[in-house]
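Next comes my_file-v6.pdb, with PDB, C-alpha atoms.
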ATOM      1  CA  MET A   1      67.819 204.395 -17.538
ATOM      2  CA  LEU A   2      64.665 206.352 -18.335
ATOM      3  CA  SER A   3      63.449 208.782 -15.687
ATOM      4  CA  GLU A   4      60.214 208.121 -13.822
ATOM      5  CA  PRO A   5      58.107 210.790 -15.625
ATOM      6  CA  ILE A   6      59.088 209.355 -19.005
ATOM      7  CA  LEU A   7      58.250 205.810 -17.874
ATOM      8  CA  LEU A   8      54.888 206.983 -16.568
ATOM      9  CA  GLY A   9      54.211 208.769 -19.853
ATOM     10  CA  ILE A  10      55.059 205.647 -21.846
ATOM     11  CA  ALA A  11      52.783 203.583 -19.594
ATOM     12  CA  ALA A  12      49.943 206.085 -20.053
ATOM     13  CA  VAL A  13      50.305 206.117 -23.844
ATOM     14  CA  PHE A  14      50.429 202.333 -23.971
ATOM     15  CA  GLY A  15      47.397 202.179 -21.683
ATOM     16  CA  ALA A  16      45.445 204.579 -23.908
ATOM     17  CA  MET A  17      46.222 202.432 -26.955
ATOM     18  CA  LEU A  18      45.184 199.309 -25.065
ATOM     19  CA  GLY A  19      42.020 201.119 -23.985
ATOM     20  CA  SER A  20      41.225 201.794 -27.643
ATOM     21  CA  PHE A  21      41.591 198.071 -28.352
ATOM     22  CA  LEU A  22      39.464 197.282 -25.295
ATOM     23  CA  ASN A  23      36.682 199.403 -26.791
ATOM     24  CA  VAL A  24      36.846 197.243 -29.908
ATOM     25  CA  CYS A  25      36.688 194.076 -27.806
ATOM     26  CA  VAL A  26      33.728 195.331 -25.759
ATOM     27  CA  TYR A  27      31.814 196.157 -28.935
ATOM     28  CA  ARG A  28      32.702 193.133 -31.068
ATOM     29  CA  LEU A  29      33.236 190.139 -28.779
ATOM     30  CA  PRO A  30      29.603 189.958 -27.560
ATOM     31  CA  ARG A  31      28.567 190.038 -31.234
ATOM     32  CA  ASN A  32      30.986 187.206 -32.122
ATOM     33  CA  GLU A  33      32.899 189.498 -34.478
ATOM     34  CA  SER A  34      36.622 189.537 -35.153
ATOM     35  CA  VAL A  35      38.561 192.138 -33.183
ATOM     36  CA  VAL A  36      41.144 192.353 -35.988
ATOM     37  CA  ARG A  37      39.105 192.768 -39.173
ATOM     38  CA  PRO A  38      37.479 194.795 -40.561
ATOM     39  CA  ARG A  39      39.001 198.118 -39.600
ATOM     40  CA  SER A  40      37.056 200.445 -37.317
ATOM     41  CA  ARG A  41      34.094 202.059 -39.052
ATOM     42  CA  CYS A  42      31.458 204.615 -38.185
ATOM     43  CA  PRO A  43      28.380 202.629 -37.109
ATOM     44  CA  SER A  44      26.124 205.215 -38.776
ATOM     45  CA  CYS A  45      27.609 205.759 -42.248
ATOM     46  CA  GLY A  46      30.061 202.845 -42.440
ATOM     47  CA  THR A  47      33.052 205.056 -43.303
ATOM     48  CA  VAL A  48      36.411 203.535 -42.330
ATOM     49  CA  VAL A  49      37.981 205.590 -39.533
ATOM     50  CA  ALA A  50      41.280 207.099 -40.681
ATOM     51  CA  TRP A  51      44.315 206.671 -38.455
ATOM     52  CA  HIS A  52      44.396 210.357 -37.550
ATOM     53  CA  ASP A  53      40.781 210.130 -36.400
ATOM     54  CA  ASN A  54      41.564 207.098 -34.248
ATOM     55  CA  VAL A  55      44.146 208.572 -31.860
ATOM     56  CA  PRO A  56      42.998 207.682 -28.320
ATOM     57  CA  VAL A  57      41.140 210.487 -26.512
ATOM     58  CA  PHE A  58      42.674 213.231 -28.682
ATOM     59  CA  SER A  59      40.737 212.457 -31.877
ATOM     60  CA  TRP A  60      37.400 212.327 -30.037
ATOM     61  CA  LEU A  61      38.076 215.752 -28.532
ATOM     62  CA  VAL A  62      39.186 217.247 -31.857
ATOM     63  CA  LEU A  63      36.096 215.901 -33.632
ATOM     64  CA  ARG A  64      33.903 217.002 -30.698
ATOM     65  CA  GLY A  65      32.501 213.515 -30.358
ATOM     66  CA  ARG A  66      31.186 213.258 -33.917
ATOM     67  CA  CYS A  67      32.010 211.353 -37.097
ATOM     68  CA  ARG A  68      34.038 213.437 -39.541
ATOM     69  CA  GLN A  69      31.911 212.259 -42.499
ATOM     70  CA  CYS A  70      28.297 212.125 -41.291
ATOM     71  CA  SER A  71      28.504 214.074 -38.002
ATOM     72  CA  ALA A  72      26.820 211.223 -36.113
ATOM     73  CA  ARG A  73      27.541 211.260 -32.395
ATOM     74  CA  ILE A  74      30.324 209.013 -31.105
ATOM     75  CA  SER A  75      29.747 207.644 -27.621
ATOM     76  CA  ALA A  76      31.761 209.236 -24.820
ATOM     77  CA  GLN A  77      32.499 205.705 -23.660
ATOM     78  CA  TYR A  78      35.387 205.523 -26.121
ATOM     79  CA  PRO A  79      37.568 208.340 -24.738
ATOM     80  CA  LEU A  80      36.542 207.562 -21.152
ATOM     81  CA  VAL A  81      37.689 203.937 -21.446
ATOM     82  CA  GLU A  82      40.920 205.021 -23.155
ATOM     83  CA  ALA A  83      41.628 207.555 -20.416
ATOM     84  CA  ALA A  84      40.728 205.067 -17.686
ATOM     85  CA  VAL A  85      43.097 202.404 -19.003
ATOM     86  CA  ALA A  86      45.831 205.019 -19.413
ATOM     87  CA  LEU A  87      45.397 205.916 -15.743
ATOM     88  CA  ILE A  88      45.355 202.238 -14.771
ATOM     89  CA  TRP A  89      48.702 201.527 -16.419
ATOM     90  CA  ALA A  90      50.412 204.721 -15.278
ATOM     91  CA  GLY A  91      48.958 204.356 -11.783
ATOM     92  CA  SER A  92      50.070 200.735 -11.451
ATOM     93  CA  LEU A  93      53.602 201.671 -12.473
ATOM     94  CA  TYR A  94      53.641 204.634 -10.089
ATOM     95  CA  ALA A  95      52.341 202.603  -7.136
ATOM     96  CA  LEU A  96      54.395 199.435  -7.599
ATOM     97  CA  GLY A  97      57.371 200.410  -9.721
ATOM     98  CA  PRO A  98      58.703 198.718 -12.878
ATOM     99  CA  VAL A  99      58.119 195.160 -11.641
ATOM    100  CA  ALA A 100      55.998 192.193 -12.688
ATOM    101  CA  ASP A 101      53.416 192.999 -10.009
ATOM    102  CA  ALA A 102      52.706 196.335 -11.709
ATOM    103  CA  LEU A 103      52.166 194.591 -15.038
ATOM    104  CA  ALA A 104      49.850 192.045 -13.408
ATOM    105  CA  ALA A 105      47.859 194.753 -11.607
ATOM    106  CA  ALA A 106      47.457 196.860 -14.757
ATOM    107  CA  LEU A 107      46.389 193.909 -16.884
ATOM    108  CA  PHE A 108      44.024 192.663 -14.175
ATOM    109  CA  LEU A 109      42.266 196.013 -13.821
ATOM    110  CA  THR A 110      42.006 196.342 -17.606
ATOM    111  CA  LEU A 111      40.342 192.928 -17.843
ATOM    112  CA  LEU A 112      37.969 193.818 -15.006
ATOM    113  CA  LEU A 113      36.936 196.979 -16.863
ATOM    114  CA  GLY A 114      36.200 194.952 -19.997
ATOM    115  CA  ILE A 115      34.160 192.452 -17.964
ATOM    116  CA  LEU A 116      32.208 195.242 -16.286
ATOM    117  CA  LEU A 117      31.315 196.906 -19.589
ATOM    118  CA  THR A 118      30.279 193.776 -21.494
ATOM    119  CA  ASP A 119      28.229 192.385 -18.622
ATOM    120  CA  ALA A 120      26.527 195.736 -18.088
ATOM    121  CA  GLN A 121      25.672 196.201 -21.766
ATOM    122  CA  HIS A 122      25.047 192.648 -22.969
ATOM    123  CA  PHE A 123      24.754 190.373 -19.897
ATOM    124  CA  ILE A 124      27.630 188.432 -21.441
ATOM    125  CA  ILE A 125      31.182 187.881 -20.222
ATOM    126  CA  PRO A 126      33.383 186.800 -23.162
ATOM    127  CA  ASP A 127      35.729 183.897 -22.539
ATOM    128  CA  GLU A 128      38.496 186.039 -24.008
ATOM    129  CA  PHE A 129      38.324 188.134 -20.822
ATOM    130  CA  SER A 130      37.698 185.386 -18.268
ATOM    131  CA  LEU A 131      39.579 182.347 -19.560
ATOM    132  CA  GLY A 132      42.172 184.479 -21.355
ATOM    133  CA  GLY A 133      42.673 186.428 -18.140
ATOM    134  CA  LEU A 134      42.933 183.192 -16.173
ATOM    135  CA  GLY A 135      45.778 182.026 -18.383
ATOM    136  CA  ALA A 136      47.515 185.397 -18.173
ATOM    137  CA  GLY A 137      47.161 185.515 -14.400
ATOM    138  CA  LEU A 138      48.662 182.062 -13.950
ATOM    139  CA  ALA A 139      51.529 182.871 -16.329
ATOM    140  CA  LEU A 140      52.354 186.137 -14.572
ATOM    141  CA  ALA A 141      52.191 184.437 -11.156
ATOM    142  CA  PHE A 142      55.567 182.839 -11.890
ATOM    143  CA  PHE A 143      57.085 186.337 -11.677
ATOM    144  CA  THR A 144      54.920 188.119  -9.070
ATOM    145  CA  ASP A 145      54.864 188.100  -5.286
ATOM    146  CA  LEU A 146      51.681 186.009  -5.308
ATOM    147  CA  GLY A 147      53.428 182.951  -6.768
ATOM    148  CA  ILE A 148      52.064 180.179  -8.945
ATOM    149  CA  VAL A 149      50.953 177.972  -6.032
ATOM    150  CA  GLN A 150      48.753 180.672  -4.501
ATOM    151  CA  ALA A 151      47.481 181.625  -7.958
ATOM    152  CA  LEU A 152      46.410 178.028  -8.623
ATOM    153  CA  ILE A 153      44.765 177.776  -5.210
ATOM    154  CA  GLY A 154      43.001 181.084  -5.808
ATOM    155  CA  ALA A 155      41.740 180.041  -9.245
ATOM    156  CA  ALA A 156      40.483 176.703  -7.911
ATOM    157  CA  THR A 157      38.807 178.415  -4.943
ATOM    158  CA  GLY A 158      37.076 180.943  -7.180
ATOM    159  CA  PHE A 159      35.765 178.297  -9.549
ATOM    160  CA  ALA A 160      34.658 175.895  -6.810
ATOM    161  CA  LEU A 161      33.009 178.556  -4.659
ATOM    162  CA  LEU A 162      30.626 179.901  -7.270
ATOM    163  CA  TRP A 163      30.106 176.475  -8.843
ATOM    164  CA  VAL A 164      28.785 175.158  -5.521
ATOM    165  CA  VAL A 165      26.621 178.255  -5.022
ATOM    166  CA  LYS A 166      25.219 177.933  -8.538
ATOM    167  CA  ALA A 167      24.605 174.198  -8.285
ATOM    168  CA  ALA A 168      22.797 174.596  -4.960
ATOM    169  CA  GLY A 169      20.712 177.499  -6.232
ATOM    170  CA  ASP A 170      19.802 175.763  -9.489
ATOM    171  CA  PHE A 171      18.824 172.616  -7.579
ATOM    172  CA  ALA A 172      16.582 174.662  -5.278
ATOM    173  CA  LEU A 173      14.974 176.472  -8.223
ATOM    174  CA  GLY A 174      14.856 173.443 -10.517
ATOM    175  CA  ARG A 175      16.715 175.320 -13.212
ATOM    176  CA  GLY A 176      19.482 174.302 -15.612
ATOM    177  CA  TRP A 177      22.782 175.855 -16.514
ATOM    178  CA  ILE A 178      23.136 179.244 -18.151
ATOM    179  CA  GLY A 179      26.541 179.392 -19.796
ATOM    180  CA  GLY A 180      28.711 182.414 -20.461
ATOM    181  CA  GLY A 181      26.604 184.876 -18.510
ATOM    182  CA  GLU A 182      23.807 184.708 -21.108
ATOM    183  CA  VAL A 183      20.138 185.031 -20.293
ATOM    184  CA  GLN A 184      18.116 181.860 -20.623
ATOM    185  CA  GLU A 185      15.544 182.520 -23.332
ATOM    186  CA  THR A 186      13.440 179.411 -22.820
ATOM    187  CA  LEU A 187      12.055 180.453 -19.447
ATOM    188  CA  GLY A 188       8.583 181.878 -19.137
ATOM    189  CA  ALA A 189       8.022 185.414 -17.947
ATOM    190  CA  ASP A 190       7.143 184.277 -14.427
ATOM    191  CA  GLU A 191       9.836 181.628 -14.116
ATOM    192  CA  PRO A 192      13.019 182.495 -12.198
ATOM    193  CA  PRO A 193      16.234 182.134 -14.183
ATOM    194  CA  SER A 194      19.274 180.204 -13.082
ATOM    195  CA  THR A 195      21.015 181.680 -10.067
ATOM    196  CA  MET A 196      24.006 182.854 -12.103
ATOM    197  CA  GLY A 197      25.730 182.391 -15.401
ATOM    198  CA  GLY A 198      28.706 180.195 -16.100
ATOM    199  CA  GLY A 199      30.612 183.326 -17.073
ATOM    200  CA  ASP A 200      30.563 184.529 -13.449
ATOM    201  CA  ILE A 201      32.225 181.303 -12.329
ATOM    202  CA  LYS A 202      34.999 181.659 -14.880
ATOM    203  CA  VAL A 203      35.467 185.300 -13.900
ATOM    204  CA  LEU A 204      35.956 184.420 -10.229
ATOM    205  CA  ALA A 205      38.493 181.754 -11.211
ATOM    206  CA  MET A 206      40.349 184.430 -13.187
ATOM    207  CA  ILE A 207      40.201 186.783 -10.212
ATOM    208  CA  GLY A 208      41.661 184.080  -7.978
ATOM    209  CA  ALA A 209      44.624 183.665 -10.331
ATOM    210  CA  PHE A 210      45.520 187.315  -9.763
ATOM    211  CA  VAL A 211      44.678 187.837  -6.056
ATOM    212  CA  GLY A 212      44.700 184.388  -4.423
ATOM    213  CA  TRP A 213      42.066 182.689  -2.320
ATOM    214  CA  GLN A 214      41.845 185.510   0.241
ATOM    215  CA  GLY A 215      41.109 187.921  -2.578
ATOM    216  CA  VAL A 216      38.430 185.564  -3.897
ATOM    217  CA  LEU A 217      36.581 185.547  -0.572
ATOM    218  CA  ALA A 218      36.879 189.320  -0.256
ATOM    219  CA  THR A 219      35.695 189.792  -3.847
ATOM    220  CA  VAL A 220      32.563 187.712  -3.287
ATOM    221  CA  PHE A 221      31.761 189.604  -0.097
ATOM    222  CA  LEU A 222      32.374 193.041  -1.614
ATOM    223  CA  GLY A 223      30.582 192.113  -4.843
ATOM    224  CA  ALA A 224      27.525 190.859  -2.974
ATOM    225  CA  LEU A 225      27.522 193.977  -0.797
ATOM    226  CA  LEU A 226      27.771 196.346  -3.757
ATOM    227  CA  GLY A 227      25.151 194.393  -5.718
ATOM    228  CA  THR A 228      22.754 194.485  -2.782
ATOM    229  CA  LEU A 229      23.180 198.217  -2.351
ATOM    230  CA  ALA A 230      22.660 198.814  -6.080
ATOM    231  CA  PHE A 231      19.505 196.726  -6.464
ATOM    232  CA  LEU A 232      17.908 197.139  -3.039
ATOM    233  CA  PRO A 233      15.728 200.097  -4.175
ATOM    234  CA  SER A 234      14.300 197.969  -7.015
ATOM    235  CA  LEU A 235      13.478 195.149  -4.614
ATOM    236  CA  PHE A 236      11.669 197.557  -2.315
ATOM    237  CA  ARG A 237       9.566 198.658  -5.309
ATOM    238  CA  GLY A 238       8.565 195.055  -5.938
ATOM    239  CA  ARG A 239      10.717 194.563  -9.039
ATOM    240  CA  LYS A 240      12.877 191.509  -9.709
ATOM    241  CA  PRO A 241      15.816 192.860 -11.728
ATOM    242  CA  LEU A 242      18.185 190.599 -13.629
ATOM    243  CA  VAL A 243      21.457 191.129 -11.796
ATOM    244  CA  PRO A 244      24.643 191.105 -13.937
ATOM    245  CA  PHE A 245      26.799 189.819 -11.082
ATOM    246  CA  GLY A 246      29.959 190.080 -13.178
ATOM    247  CA  ILE A 247      29.810 193.861 -12.734
ATOM    248  CA  PHE A 248      29.976 193.557  -8.970
ATOM    249  CA  LEU A 249      32.613 190.834  -9.006
ATOM    250  CA  ALA A 250      34.765 193.163 -11.120
ATOM    251  CA  LEU A 251      34.155 196.100  -8.784
ATOM    252  CA  GLY A 252      34.792 193.989  -5.682
ATOM    253  CA  ALA A 253      38.039 192.619  -7.110
ATOM    254  CA  ALA A 254      39.214 196.109  -8.081
ATOM    255  CA  VAL A 255      38.464 197.450  -4.595
ATOM    256  CA  TRP A 256      40.362 194.553  -3.019
ATOM    257  CA  LEU A 257      43.365 194.992  -5.306
ATOM    258  CA  VAL A 258      43.617 198.723  -4.664
ATOM    259  CA  ALA A 259      42.622 198.889  -0.975
ATOM    260  CA  GLY A 260      42.684 195.292   0.270
ATOM    261  CA  ALA A 261      45.547 195.788   2.714
ATOM    262  CA  ARG A 262      43.877 198.829   4.267
ATOM    263  CA  LEU A 263      40.515 197.048   4.449
ATOM    264  CA  ALA A 264      42.109 194.017   6.117
ATOM    265  CA  ALA A 265      43.880 196.241   8.649
ATOM    266  CA  TRP A 266      40.649 198.125   9.366
ATOM    267  CA  TYR A 267      38.735 194.871   9.859
ATOM    268  CA  ALA A 268      41.423 193.455  12.148
ATOM    269  CA  ALA A 269      41.331 196.614  14.270
ATOM    270  CA  PHE A 270      37.517 196.478  14.322
ATOM    271  CA  VAL A 271      37.247 192.881  15.579
ATOM    272  CA  ARG A 272      40.283 193.167  17.894
ATOM    273  CA  PRO A 273      40.317 196.747  19.215
TER
END
For the file at hand, write its structure as structure tokens.
Amino acid sequence: MLSEPILLGIAAVFGAMLGSFLNVCVYRLPRNESVVRPRSRCPSCGTVVAWHDNVPVFSWLVLRGRCRQCSARISAQYPLVEAAVALIWAGSLYALGPVADALAAALFLTLLLGILLTDAQHFIIPDEFSLGGLGAGLALAFFTDLGIVQALIGAATGFALLWVVKAAGDFALGRGWIGGGEVQETLGADEPPSTMGGGDIKVLAMIGAFVGWQGVLATVFLGALLGTLAFLPSLFRGRKPLVPFGIFLALGAAVWLVAGARLAAWYAAFVRP
């Protein structure tokens, strides 16, 4: 049997490779491009990236963040995402051991990172992350401590909760549906958009498949809290920012997954000293 350091190293390497693929997904999926073909190219000169220039983290450091051919800058997002996913997979294995729950946690956090990045950059949450993650979460629930019944209840709770909130908000505003987290282009400059995108609803269903209905409620609370704190200064300045709620759902779900037990214990001690 492999020793723990070797297992952690394998998990980190696999995570870095998955992080490299996640970068491709974040760039291409919002543009409706294939994540398989063509091969990675420099966005400035179009040169195909050689395999030795595409080693996660290492190649970016060796090239000092520039294209080998045209010296155009390469965003630091690429090595940061690769390193983050490497830490996610090694950390999940270290915290939970070589069990299905570690695999589910690592995959869940990786999906949340992809959702955060695409919603932040494009106001779009690809179905490959939300619906694909929903399917993966339900499949893994057969082997994790959560169980398929709680995963199904969590997914249904997540979908129903935001669907009701959206329907009520859209009825109050007299607005229609915005699917996939996209911005409605037909509205006038002074007209309020729909309360949230359909992508947010699918994301919360996916979250429920991984963390159950309790995690769904905690995610909505934490996401709303974080979103309020982030955009409160803009509201005080009289601005009406377009809030990519998927970012805060992803952050809230990640906080609950990592520290949910401690937060629940703290809250129980707070209300029942």
A:Pro244 environment, 7 Å, all atoms listed in the file, sequence neighbours closer than 6 positions dropped, as a PyMOL selection string: chain A and resi 119-120+123
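Residue nearest A:Leu204, chosen from A:Ala104, A:Ile148, A:Ala141, A:Ile115 and counting only C-alpha atoms: A:Ile115.
Compared by their closest atoms to A:Ile88, and using only C-alpha atoms, the residues A:Gly15, A:Pro43, A:Gly252, A:Gly169 rank with A:Gly15 nearest.
Minimum atom-to-atom distance to A:Leu80, evaluated using only C-alpha atoms, belongs to A:Leu22 out of A:Val271, A:Val36, A:Leu134, A:Leu22.
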Find the spatial neighbours of A:Ala76, counting only C-alpha atoms, within a cut-off of 12 Å - ignore same-chain residues fewer than 4 positions away - and output them as JSON, numbers by chain. {"A": [23, 56, 57, 59, 60, 61, 63, 64, 65, 66, 80, 81, 82, 83]}
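With all atoms listed in the file as the atoms that count, the residue of A:Val165, A:Gly114, A:Phe108, A:Val211 with the shortest distance to A:Val149 is A:Val211.
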Given the file shown, enumerate the residues that the PyMOL selection byres ((chain A and resi 107) around 9) captures and present them as a list in words. Ile88, Trp89, Ala102, Leu103, Ala104, Ala105, Ala106, Phe108, Leu109, Thr110, Leu111, Leu112, Gly133, Ala136 and Gly137 of chain A
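Ranking A:Arg272, A:Arg31, A:His122, A:Arg41 by their shortest atom-to-atom distance to A:Cys70, with only C-alpha atoms included, puts A:Arg41 first.
Reported to one decimal place, the separation of atom CA of A:Ala86 from atom CA of A:Val13 is 6.4 Å.
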The PyMOL selection byres ((chain A and resi 222-229) around 7) applied to the shown file, residues as an NGL selection string: :A and (218-221 or 230-232 or 248-249 or 251-252)
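Atom CA of A:Cys25 is found 12.7 Å from atom CA of A:Gln121.
We find atom CA of A:Arg262 and atom CA of A:Leu161 to be spaced 24.7 Å apart.
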